[in-house]
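K.L.:
Have a peek at target_7.cif (mmCIF, C-alpha atoms).
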```cif
data_start
#
loop_
_atom_site.group_PDB
_atom_site.id
_atom_site.type_symbol
_atom_site.label_atom_id
_atom_site.label_comp_id
_atom_site.auth_asym_id
_atom_site.auth_seq_id
_atom_site.Cartn_x
_atom_site.Cartn_y
_atom_site.Cartn_z
ATOM 1 C CA ARG G 1 -2.916 85.007 -8.036
ATOM 2 C CA ARG G 2 -3.763 81.619 -9.542
ATOM 3 C CA PRO G 3 -6.282 79.469 -7.594
ATOM 4 C CA LEU G 4 -4.951 76.423 -5.814
ATOM 5 C CA SER G 5 -5.637 73.051 -7.459
ATOM 6 C CA PRO G 6 -7.794 70.599 -5.491
ATOM 7 C CA PRO G 7 -5.819 67.925 -3.685
ATOM 8 C CA VAL G 8 -5.095 64.836 -5.730
ATOM 9 C CA PRO G 9 -6.648 61.701 -4.144
ATOM 10 C CA PRO G 10 -4.244 58.856 -3.390
ATOM 11 C CA PRO G 11 -4.171 56.040 -5.926
ATOM 12 C CA PRO G 12 -6.167 52.902 -5.116
ATOM 13 C CA PRO G 13 -4.252 49.941 -3.691
ATOM 14 C CA PHE G 14 -2.453 47.952 -6.331
ATOM 15 C CA ARG G 15 -4.208 44.692 -7.139
ATOM 16 C CA PRO G 16 -3.052 42.666 -10.132
ATOM 17 C CA ARG G 17 -5.838 41.943 -12.571
ATOM 18 C CA SER G 18 -4.928 38.283 -12.661
ATOM 19 C CA LEU G 19 -5.576 38.006 -8.936
ATOM 20 C CA ALA G 20 -8.639 40.231 -8.984
ATOM 21 C CA ARG G 21 -10.411 37.980 -11.494
ATOM 22 C CA ARG G 22 -9.094 34.621 -10.317
ATOM 23 C CA PRO G 23 -11.885 32.482 -8.815
ATOM 24 C CA PRO G 24 -11.337 31.037 -5.376
ATOM 25 C CA ARG G 25 -9.545 27.696 -5.357
ATOM 26 C CA ARG G 26 -11.454 24.653 -4.230
ATOM 27 C CA CYS G 27 -9.675 21.781 -2.539
ATOM 28 C CA SER G 28 -11.051 18.385 -3.455
ATOM 29 C CA ALA G 29 -10.629 15.719 -0.823
ATOM 30 C CA MET G 30 -9.640 12.200 -1.804
ATOM 31 C CA PRO G 31 -12.531 9.782 -1.485
ATOM 32 C CA GLY G 32 -12.351 7.782 1.711
ATOM 33 C CA ARG G 33 -11.657 4.091 1.638
ATOM 34 C CA ARG G 34 -14.173 1.701 3.101
ATOM 35 C CA PRO G 35 -13.068 -0.412 6.053
ATOM 36 C CA PHE G 36 -11.477 -3.609 4.807
ATOM 37 C CA VAL G 37 -11.792 -7.046 6.401
ATOM 38 C CA GLY G 38 -9.828 -10.041 5.162
ATOM 39 C CA GLY G 39 -10.666 -13.552 6.292
ATOM 40 C CA ASN G 40 -7.759 -15.997 5.935
ATOM 41 C CA TRP G 41 -8.925 -19.587 6.365
ATOM 42 C CA LYS G 42 -5.356 -20.898 6.305
ATOM 43 C CA SER G 43 -5.169 -24.679 5.751
ATOM 44 C CA ASN G 44 -8.452 -25.355 7.510
ATOM 45 C CA GLY G 45 -11.907 -26.569 6.662
ATOM 46 C CA SER G 46 -13.826 -29.101 4.629
ATOM 47 C CA VAL G 47 -16.421 -28.674 1.917
ATOM 48 C CA GLU G 48 -19.184 -28.978 4.495
ATOM 49 C CA SER G 49 -17.631 -26.487 6.897
ATOM 50 C CA ALA G 50 -17.161 -24.045 4.003
ATOM 51 C CA LYS G 51 -20.842 -24.325 3.131
ATOM 52 C CA THR G 52 -21.870 -23.754 6.738
ATOM 53 C CA LEU G 53 -19.583 -20.759 7.205
ATOM 54 C CA CYS G 54 -20.561 -19.111 3.933
ATOM 55 C CA ALA G 55 -24.272 -19.543 4.692
ATOM 56 C CA SER G 56 -23.782 -17.821 8.036
ATOM 57 C CA LEU G 57 -21.771 -14.974 6.535
ATOM 58 C CA VAL G 58 -24.174 -14.377 3.667
ATOM 59 C CA SER G 59 -27.185 -14.310 5.992
ATOM 60 C CA GLY G 60 -25.631 -11.481 8.007
ATOM 61 C CA ALA G 61 -24.313 -9.483 5.056
ATOM 62 C CA PRO G 62 -27.371 -7.219 4.468
ATOM 63 C CA ALA G 63 -26.817 -5.500 7.817
ATOM 64 C CA TRP G 64 -23.628 -3.817 6.612
ATOM 65 C CA ARG G 65 -23.833 -4.058 2.822
ATOM 66 C CA ASN G 66 -21.608 -1.482 1.067
ATOM 67 C CA GLN G 67 -20.183 -0.312 4.402
ATOM 68 C CA VAL G 68 -17.297 -2.791 4.636
ATOM 69 C CA GLU G 69 -15.236 -4.477 1.944
ATOM 70 C CA VAL G 70 -14.802 -8.160 2.791
ATOM 71 C CA VAL G 71 -12.446 -10.642 1.121
ATOM 72 C CA LEU G 72 -12.515 -14.347 1.989
ATOM 73 C CA CYS G 73 -9.365 -16.393 1.360
ATOM 74 C CA PRO G 74 -10.233 -20.099 1.489
ATOM 75 C CA ILE G 75 -7.944 -22.998 0.639
ATOM 76 C CA ALA G 76 -7.175 -23.152 -3.079
ATOM 77 C CA PRO G 77 -9.389 -26.164 -3.938
ATOM 78 C CA GLN G 78 -12.409 -24.367 -2.460
ATOM 79 C CA ILE G 79 -12.023 -21.030 -4.226
ATOM 80 C CA GLY G 80 -14.535 -21.935 -6.933
ATOM 81 C CA LEU G 81 -16.997 -23.364 -4.407
ATOM 82 C CA VAL G 82 -16.810 -20.348 -2.102
ATOM 83 C CA ARG G 83 -17.253 -17.944 -5.018
ATOM 84 C CA LYS G 84 -20.449 -19.773 -5.917
ATOM 85 C CA LEU G 85 -21.708 -19.783 -2.341
ATOM 86 C CA VAL G 86 -21.247 -16.012 -1.845
ATOM 87 C CA ARG G 87 -22.064 -14.847 -5.375
ATOM 88 C CA LYS G 88 -25.238 -13.025 -4.250
ATOM 89 C CA SER G 89 -23.447 -11.200 -1.435
ATOM 90 C CA PRO G 90 -20.968 -8.291 -1.417
ATOM 91 C CA PHE G 91 -18.146 -10.672 -0.460
ATOM 92 C CA LYS G 92 -15.128 -11.134 -2.687
ATOM 93 C CA VAL G 93 -12.953 -14.239 -2.781
ATOM 94 C CA GLY G 94 -9.154 -14.081 -2.728
ATOM 95 C CA SER G 95 -6.192 -16.411 -2.834
ATOM 96 C CA GLN G 96 -3.899 -17.195 0.080
ATOM 97 C CA ASN G 97 -0.831 -17.181 -2.141
ATOM 98 C CA VAL G 98 0.459 -16.196 -5.567
ATOM 99 C CA SER G 99 3.573 -17.038 -7.529
ATOM 100 C CA ALA G 100 6.535 -14.697 -7.835
ATOM 101 C CA SER G 101 6.873 -15.978 -11.414
ATOM 102 C CA SER G 102 4.730 -15.737 -14.494
ATOM 103 C CA GLU G 103 3.166 -18.730 -16.216
ATOM 104 C CA GLY G 104 5.481 -21.558 -17.213
ATOM 105 C CA ALA G 105 7.206 -24.664 -15.904
ATOM 106 C CA PHE G 106 6.565 -23.909 -12.228
ATOM 107 C CA THR G 107 4.757 -26.935 -10.824
ATOM 108 C CA GLY G 108 2.311 -26.090 -8.052
ATOM 109 C CA GLU G 109 2.426 -22.334 -8.650
ATOM 110 C CA ILE G 110 -0.482 -20.028 -9.548
ATOM 111 C CA SER G 111 0.470 -16.817 -11.306
ATOM 112 C CA ALA G 112 -1.121 -13.415 -10.807
ATOM 113 C CA GLY G 113 -2.309 -13.509 -14.406
ATOM 114 C CA GLN G 114 -4.049 -16.833 -13.794
ATOM 115 C CA LEU G 115 -5.774 -15.444 -10.706
ATOM 116 C CA ARG G 116 -7.030 -12.507 -12.714
ATOM 117 C CA ASP G 117 -8.120 -14.788 -15.569
ATOM 118 C CA TYR G 118 -10.210 -16.777 -13.087
ATOM 119 C CA GLY G 119 -11.782 -13.615 -11.693
ATOM 120 C CA ILE G 120 -9.861 -13.513 -8.403
ATOM 121 C CA GLN G 121 -9.369 -9.881 -7.393
ATOM 122 C CA TRP G 122 -7.224 -10.241 -4.240
ATOM 123 C CA THR G 123 -4.414 -12.332 -2.819
ATOM 124 C CA LEU G 124 -2.367 -12.446 0.352
ATOM 125 C CA VAL G 125 1.360 -11.693 0.097
ATOM 126 C CA GLY G 126 3.969 -11.805 2.852
ATOM 127 C CA HIS G 127 1.996 -13.618 5.523
ATOM 128 C CA SER G 128 4.152 -14.423 8.547
ATOM 129 C CA GLU G 129 3.708 -18.155 8.008
ATOM 130 C CA ARG G 130 4.917 -17.848 4.421
ATOM 131 C CA ARG G 131 7.903 -15.835 5.629
ATOM 132 C CA THR G 132 8.930 -17.992 8.601
ATOM 133 C CA LYS G 133 7.934 -21.496 7.443
ATOM 134 C CA TYR G 134 8.487 -21.329 3.700
ATOM 135 C CA GLY G 135 11.346 -18.873 3.352
ATOM 136 C CA GLU G 136 9.441 -16.057 1.672
ATOM 137 C CA THR G 137 11.936 -13.183 1.722
ATOM 138 C CA ASP G 138 11.379 -9.458 1.266
ATOM 139 C CA ALA G 139 12.691 -9.802 -2.288
ATOM 140 C CA ILE G 140 10.139 -12.502 -3.057
ATOM 141 C CA THR G 141 7.275 -10.410 -1.685
ATOM 142 C CA ALA G 142 8.439 -7.544 -3.899
ATOM 143 C CA ASP G 143 8.407 -9.799 -6.968
ATOM 144 C CA LYS G 144 4.933 -11.037 -6.098
ATOM 145 C CA ILE G 145 3.573 -7.512 -5.703
ATOM 146 C CA GLU G 146 5.136 -6.464 -8.990
ATOM 147 C CA ARG G 147 3.405 -9.380 -10.746
ATOM 148 C CA CYS G 148 0.086 -8.568 -9.101
ATOM 149 C CA GLN G 149 0.302 -4.898 -10.010
ATOM 150 C CA ALA G 150 0.932 -5.798 -13.635
ATOM 151 C CA ALA G 151 -2.035 -8.190 -13.631
ATOM 152 C CA GLY G 152 -4.381 -5.838 -11.760
ATOM 153 C CA VAL G 153 -4.758 -8.165 -8.774
ATOM 154 C CA GLY G 154 -5.150 -6.557 -5.365
ATOM 155 C CA VAL G 155 -2.682 -7.483 -2.614
ATOM 156 C CA ILE G 156 -3.300 -7.799 1.102
ATOM 157 C CA PHE G 157 0.315 -7.193 2.129
ATOM 158 C CA CYS G 158 1.134 -8.636 5.548
ATOM 159 C CA ILE G 159 3.813 -7.188 7.786
ATOM 160 C CA GLY G 160 4.666 -7.675 11.445
ATOM 161 C CA GLU G 161 7.421 -8.474 13.887
ATOM 162 C CA LEU G 162 8.192 -11.712 15.740
ATOM 163 C CA LEU G 163 8.334 -11.938 19.540
ATOM 164 C CA GLU G 164 12.126 -11.794 19.686
ATOM 165 C CA GLU G 165 12.113 -8.776 17.391
ATOM 166 C CA ARG G 166 9.611 -6.981 19.593
ATOM 167 C CA GLU G 167 11.545 -7.803 22.743
ATOM 168 C CA GLY G 168 14.664 -6.535 20.980
ATOM 169 C CA ASN G 169 12.940 -3.179 20.317
ATOM 170 C CA LYS G 170 13.072 -3.791 16.558
ATOM 171 C CA THR G 171 9.375 -3.339 15.757
ATOM 172 C CA ASP G 172 9.788 -0.195 13.651
ATOM 173 C CA GLU G 173 12.968 -1.459 12.030
ATOM 174 C CA VAL G 174 11.365 -4.741 10.924
ATOM 175 C CA ASN G 175 8.183 -3.208 9.557
ATOM 176 C CA LYS G 176 10.055 -0.433 7.769
ATOM 177 C CA ARG G 177 12.302 -3.032 6.136
ATOM 178 C CA MET G 178 9.310 -5.006 4.887
ATOM 179 C CA LEU G 179 7.632 -1.896 3.484
ATOM 180 C CA ASP G 180 10.786 -0.450 1.936
ATOM 181 C CA ALA G 181 11.252 -3.674 -0.018
ATOM 182 C CA VAL G 182 8.000 -3.231 -1.937
ATOM 183 C CA PHE G 183 7.342 0.515 -2.214
ATOM 184 C CA ASP G 184 9.069 0.869 -5.578
ATOM 185 C CA LYS G 185 6.917 -1.920 -7.021
ATOM 186 C CA ILE G 186 3.611 -0.271 -6.172
ATOM 187 C CA LYS G 187 2.094 1.894 -8.890
ATOM 188 C CA ASP G 188 -1.589 1.626 -7.976
ATOM 189 C CA TRP G 189 -2.273 2.014 -4.241
ATOM 190 C CA ARG G 190 -5.938 1.233 -4.783
ATOM 191 C CA LYS G 191 -4.799 -2.365 -5.234
ATOM 192 C CA ILE G 192 -2.883 -2.510 -1.938
ATOM 193 C CA VAL G 193 -4.039 -3.080 1.624
ATOM 194 C CA ILE G 194 -1.355 -3.199 4.321
ATOM 195 C CA ALA G 195 -2.242 -5.664 7.072
ATOM 196 C CA TYR G 196 -0.171 -5.259 10.232
ATOM 197 C CA GLU G 197 -0.064 -8.518 12.174
ATOM 198 C CA PRO G 198 2.045 -8.468 15.347
ATOM 199 C CA VAL G 199 3.182 -12.087 15.133
ATOM 200 C CA TRP G 200 4.252 -12.038 18.795
ATOM 201 C CA ALA G 201 0.604 -11.595 19.853
ATOM 202 C CA ILE G 202 -0.552 -14.872 18.311
ATOM 203 C CA GLY G 203 -0.597 -17.814 20.690
ATOM 204 C CA THR G 204 2.157 -16.480 22.926
ATOM 205 C CA GLY G 205 0.051 -15.548 25.953
ATOM 206 C CA LYS G 206 1.552 -12.053 25.904
ATOM 207 C CA VAL G 207 -1.796 -10.343 25.330
#
```
Show this structure as structure tokens.
P.N.:
Amino acid sequence: RRPLSPPVPPPPPFRPRSLARRPPRRCSAMPGRRPFVGGNWKSNGSVESAKTLCASLVSGAPAWRNQVEVVLCPIAPQIGLVRKLVRKSPFKVGSQNVSASSEGAFTGEISAGQLRDYGIQWTLVGHSERRTKYGETDAITADKIERCQAAGVGVIFCIGELLEEREGNKTDEVNKRMLDAVFDKIKDWRKIVIAYEPVWAIGTGKV
């Protein structure tokens, strides 16, 4: 009689070589964005009040340097003055408005390219007062953002519903409409800050 063969051990579990040698994947998190504070001076202030305010702001800046990004938006004639007054601080100076057109025969307008040429890094677009008092439509805000994106100017994009829109339960509808109008124009989100301003909460006594 022939001796019995030893039992054959079972094969090892199948493991593809490509998986066996593949290093573990590492997920890289997107860098966080610093808190952003924008100061809109509207159509207020004199040269003296600008000097006083800037001196106060600059004196307190070391306490939170590099922790918060701050942009001051004075009236247009004071942009150069305010830039000079805060030049040794982390503050940046922005514009309250920008043209929806490029350079040309547009009296009173300041283009995004001209802001950039002057060293202005930010501008407001879509503020409720521009929308309600000066007829700035969603289409105009989209044109302005497109110009700013092309010029590399950051935009503080303002959205928000009026009191009658809030009372009509249209808050989401209004803000979605404003955002939808500009999304296709935005290529660099690092140059966009969305500022939600519930217009109904300003001077209405509701809050």
K.L.:
Report as a Markdown table: every residue of range 118-201 of chain G with an atom at most 7 Å from range 91-110 of chain G, its closest pair of atoms, and their distance in Å to one decimal, counting all atoms listed in the file, with rows sorted by chain and ascending residue number.
P.N.:
```
| residue | atom | partner | partner_atom | distance |
| --- | --- | --- | --- | --- |
| G:Ile120 | CA | G:Gly94 | CA | 5.7 |
| G:Gln121 | CA | G:Gly94 | CA | 6.3 |
| G:Trp122 | CA | G:Gly94 | CA | 4.6 |
| G:Thr123 | CA | G:Ser95 | CA | 4.4 |
| G:Leu124 | CA | G:Gln96 | CA | 5.0 |
| G:Val125 | CA | G:Asn97 | CA | 6.3 |
| G:Ile140 | CA | G:Ala100 | CA | 6.4 |
| G:Asp143 | CA | G:Ala100 | CA | 5.3 |
| G:Lys144 | CA | G:Ala100 | CA | 4.4 |
| G:Arg147 | CA | G:Ala100 | CA | 6.8 |
```
K.L.:
Please produce an output containing C-alpha atoms for each residue in the selection, written as a PDB file, in the frame of the given file.
P.N.:
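This went into out-v4.pdb:
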```pdb
ATOM      1  CA  ILE G 120      -9.861 -13.513  -8.403  1.00  0.00           C
ATOM      2  CA  GLN G 121      -9.369  -9.881  -7.393  1.00  0.00           C
ATOM      3  CA  TRP G 122      -7.224 -10.241  -4.240  1.00  0.00           C
ATOM      4  CA  THR G 123      -4.414 -12.332  -2.819  1.00  0.00           C
ATOM      5  CA  LEU G 124      -2.367 -12.446   0.352  1.00  0.00           C
ATOM      6  CA  VAL G 125       1.360 -11.693   0.097  1.00  0.00           C
ATOM      7  CA  ILE G 140      10.139 -12.502  -3.057  1.00  0.00           C
ATOM      8  CA  ASP G 143       8.407  -9.799  -6.968  1.00  0.00           C
ATOM      9  CA  LYS G 144       4.933 -11.037  -6.098  1.00  0.00           C
ATOM     10  CA  ARG G 147       3.405  -9.380 -10.746  1.00  0.00           C
TER      11      ARG G 147
END
```
K.L.:
The PyMOL selection byres ((chain G and resi 33) around 12) - which residues does that actually catch in the file I just gave you? List them as a list in words.
P.N.:
Ala29, Met30, Pro31, Gly32, Arg34, Pro35, Phe36, Asn66, Gln67, Val68, Glu69, Trp189, Arg190, Lys191, Ile192 and Val193 of chain G
K.L.:
Within 10 Å of range 162-174 of chain G, counting only C-alpha atoms, which residues show up once you throw out same-chain ones fewer than 6 positions away? Write them as a PDB file with C-alpha atoms, keeping the file's coordinate frame, please.
P.N.:
```pdb
ATOM      1  CA  SER G 128       4.152 -14.423   8.547  1.00  0.00           C
ATOM      2  CA  THR G 132       8.930 -17.992   8.601  1.00  0.00           C
ATOM      3  CA  ASP G 180      10.786  -0.450   1.936  1.00  0.00           C
ATOM      4  CA  GLU G 197      -0.064  -8.518  12.174  1.00  0.00           C
ATOM      5  CA  PRO G 198       2.045  -8.468  15.347  1.00  0.00           C
ATOM      6  CA  VAL G 199       3.182 -12.087  15.133  1.00  0.00           C
ATOM      7  CA  TRP G 200       4.252 -12.038  18.795  1.00  0.00           C
ATOM      8  CA  ALA G 201       0.604 -11.595  19.853  1.00  0.00           C
ATOM      9  CA  ILE G 202      -0.552 -14.872  18.311  1.00  0.00           C
ATOM     10  CA  THR G 204       2.157 -16.480  22.926  1.00  0.00           C
ATOM     11  CA  LYS G 206       1.552 -12.053  25.904  1.00  0.00           C
TER      12      LYS G 206
END
```
K.L.:
Would you please work out which residue, of G:Glu146, G:Glu129, G:Glu48, G:Glu161, is nearest to Met178 in chain G when using all atoms listed in the file?
P.N.:
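That would be G:Glu161, the residue with the smallest distance to Met178 in chain G.
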K.L.:
Using all atoms listed in the file for the distances, tell me which of G:Leu72, G:Ala142, G:Ala195, G:Ala181 is nearest to Gly160 in chain G.
P.N.:
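Closest to Gly160 in chain G, using all atoms listed in the file: G:Ala195.
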K.L.:
From the list G:Thr141, G:Ser43, G:Gln78, G:Ser89, which residue is nearest Ala55 in chain G when using only C-alpha atoms?
P.N.:
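Comparing G:Thr141, G:Ser43, G:Gln78, G:Ser89 against Ala55 in chain G, the winner is G:Ser89.
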K.L.:
Between CA of Cys54 in chain G and CA of Leu81 in chain G, what is the spacing in Å?
P.N.:
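Taking CA of Leu81 in chain G and CA of Cys54 in chain G, their separation equals 10.0 Å.
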K.L.:
Run the PyMOL selection byres ((chain G and resi 58) around 9) mentally over the shown coordinates, then write out the matched residues as number ranges by chain, using the chain letters and numbers from the document.
P.N.:
G: 53-57, 59-62, 85-86, 88-91
K.L.:
Taking (5.5, -3.5, 7.2) in the file's own coordinates, collect the residues within 8 Å, counting all atoms listed in the file, and hand them back as a list of chain:residue names.
P.N.:
G:Cys158, G:Ile159, G:Gly160, G:Val174, G:Asn175, G:Lys176, G:Arg177, G:Met178, G:Leu179, G:Ile194, G:Tyr196
K.L.:
Pick out the closest residue to Gly119 in chain G from this set: G:Val153, G:Lys133, G:Ser46, G:Arg65. Count only C-alpha atoms.
P.N.:
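Nearest candidate to Gly119 in chain G out of G:Val153, G:Lys133, G:Ser46, G:Arg65: G:Val153.
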K.L.:
In Å, with one decimal, what is the gap from CA of Arg116 in chain G to CA of Val70 in chain G?
P.N.:
17.9 Å
K.L.:
Can you complete the atoms of range 152-166 of chain G to N, CA and C atoms and list them as a short mmCIF file (atom, residue, chain, number, x, y, z; two decimals), keeping the file's coordinate frame?
P.N.:
```
data_model
loop_
_atom_site.label_atom_id
_atom_site.label_comp_id
_atom_site.auth_asym_id
_atom_site.auth_seq_id
_atom_site.Cartn_x
_atom_site.Cartn_y
_atom_site.Cartn_z
N GLY G 152 -3.20 -6.50 -12.30
CA GLY G 152 -4.38 -5.84 -11.76
C GLY G 152 -5.03 -6.59 -10.62
N VAL G 153 -4.25 -7.41 -9.92
CA VAL G 153 -4.76 -8.16 -8.77
C VAL G 153 -4.41 -7.41 -7.50
N GLY G 154 -5.39 -7.24 -6.62
CA GLY G 154 -5.15 -6.56 -5.36
C GLY G 154 -4.35 -7.42 -4.40
N VAL G 155 -3.55 -6.77 -3.55
CA VAL G 155 -2.68 -7.48 -2.61
C VAL G 155 -3.00 -7.05 -1.19
N ILE G 156 -3.25 -8.03 -0.34
CA ILE G 156 -3.30 -7.80 1.10
C ILE G 156 -1.89 -8.09 1.60
N PHE G 157 -1.11 -7.04 1.83
CA PHE G 157 0.32 -7.19 2.13
C PHE G 157 0.52 -7.25 3.63
N CYS G 158 1.01 -8.39 4.11
CA CYS G 158 1.13 -8.64 5.55
C CYS G 158 2.53 -8.27 6.05
N ILE G 159 2.56 -7.52 7.13
CA ILE G 159 3.81 -7.19 7.79
C ILE G 159 3.65 -7.43 9.28
N GLY G 160 4.75 -7.49 10.00
CA GLY G 160 4.67 -7.68 11.44
C GLY G 160 5.92 -8.31 11.99
N GLU G 161 6.19 -8.02 13.26
CA GLU G 161 7.42 -8.47 13.89
C GLU G 161 7.18 -9.71 14.74
N LEU G 162 8.22 -10.54 14.88
CA LEU G 162 8.19 -11.71 15.74
C LEU G 162 8.40 -11.30 17.20
N LEU G 163 8.19 -12.24 18.12
CA LEU G 163 8.33 -11.94 19.54
C LEU G 163 9.75 -11.47 19.87
N GLU G 164 10.75 -12.18 19.36
CA GLU G 164 12.13 -11.79 19.69
C GLU G 164 12.49 -10.43 19.10
N GLU G 165 11.87 -10.09 17.99
CA GLU G 165 12.11 -8.78 17.39
C GLU G 165 11.45 -7.68 18.22
N ARG G 166 10.27 -7.96 18.72
CA ARG G 166 9.61 -6.98 19.59
C ARG G 166 10.40 -6.79 20.88
#
```
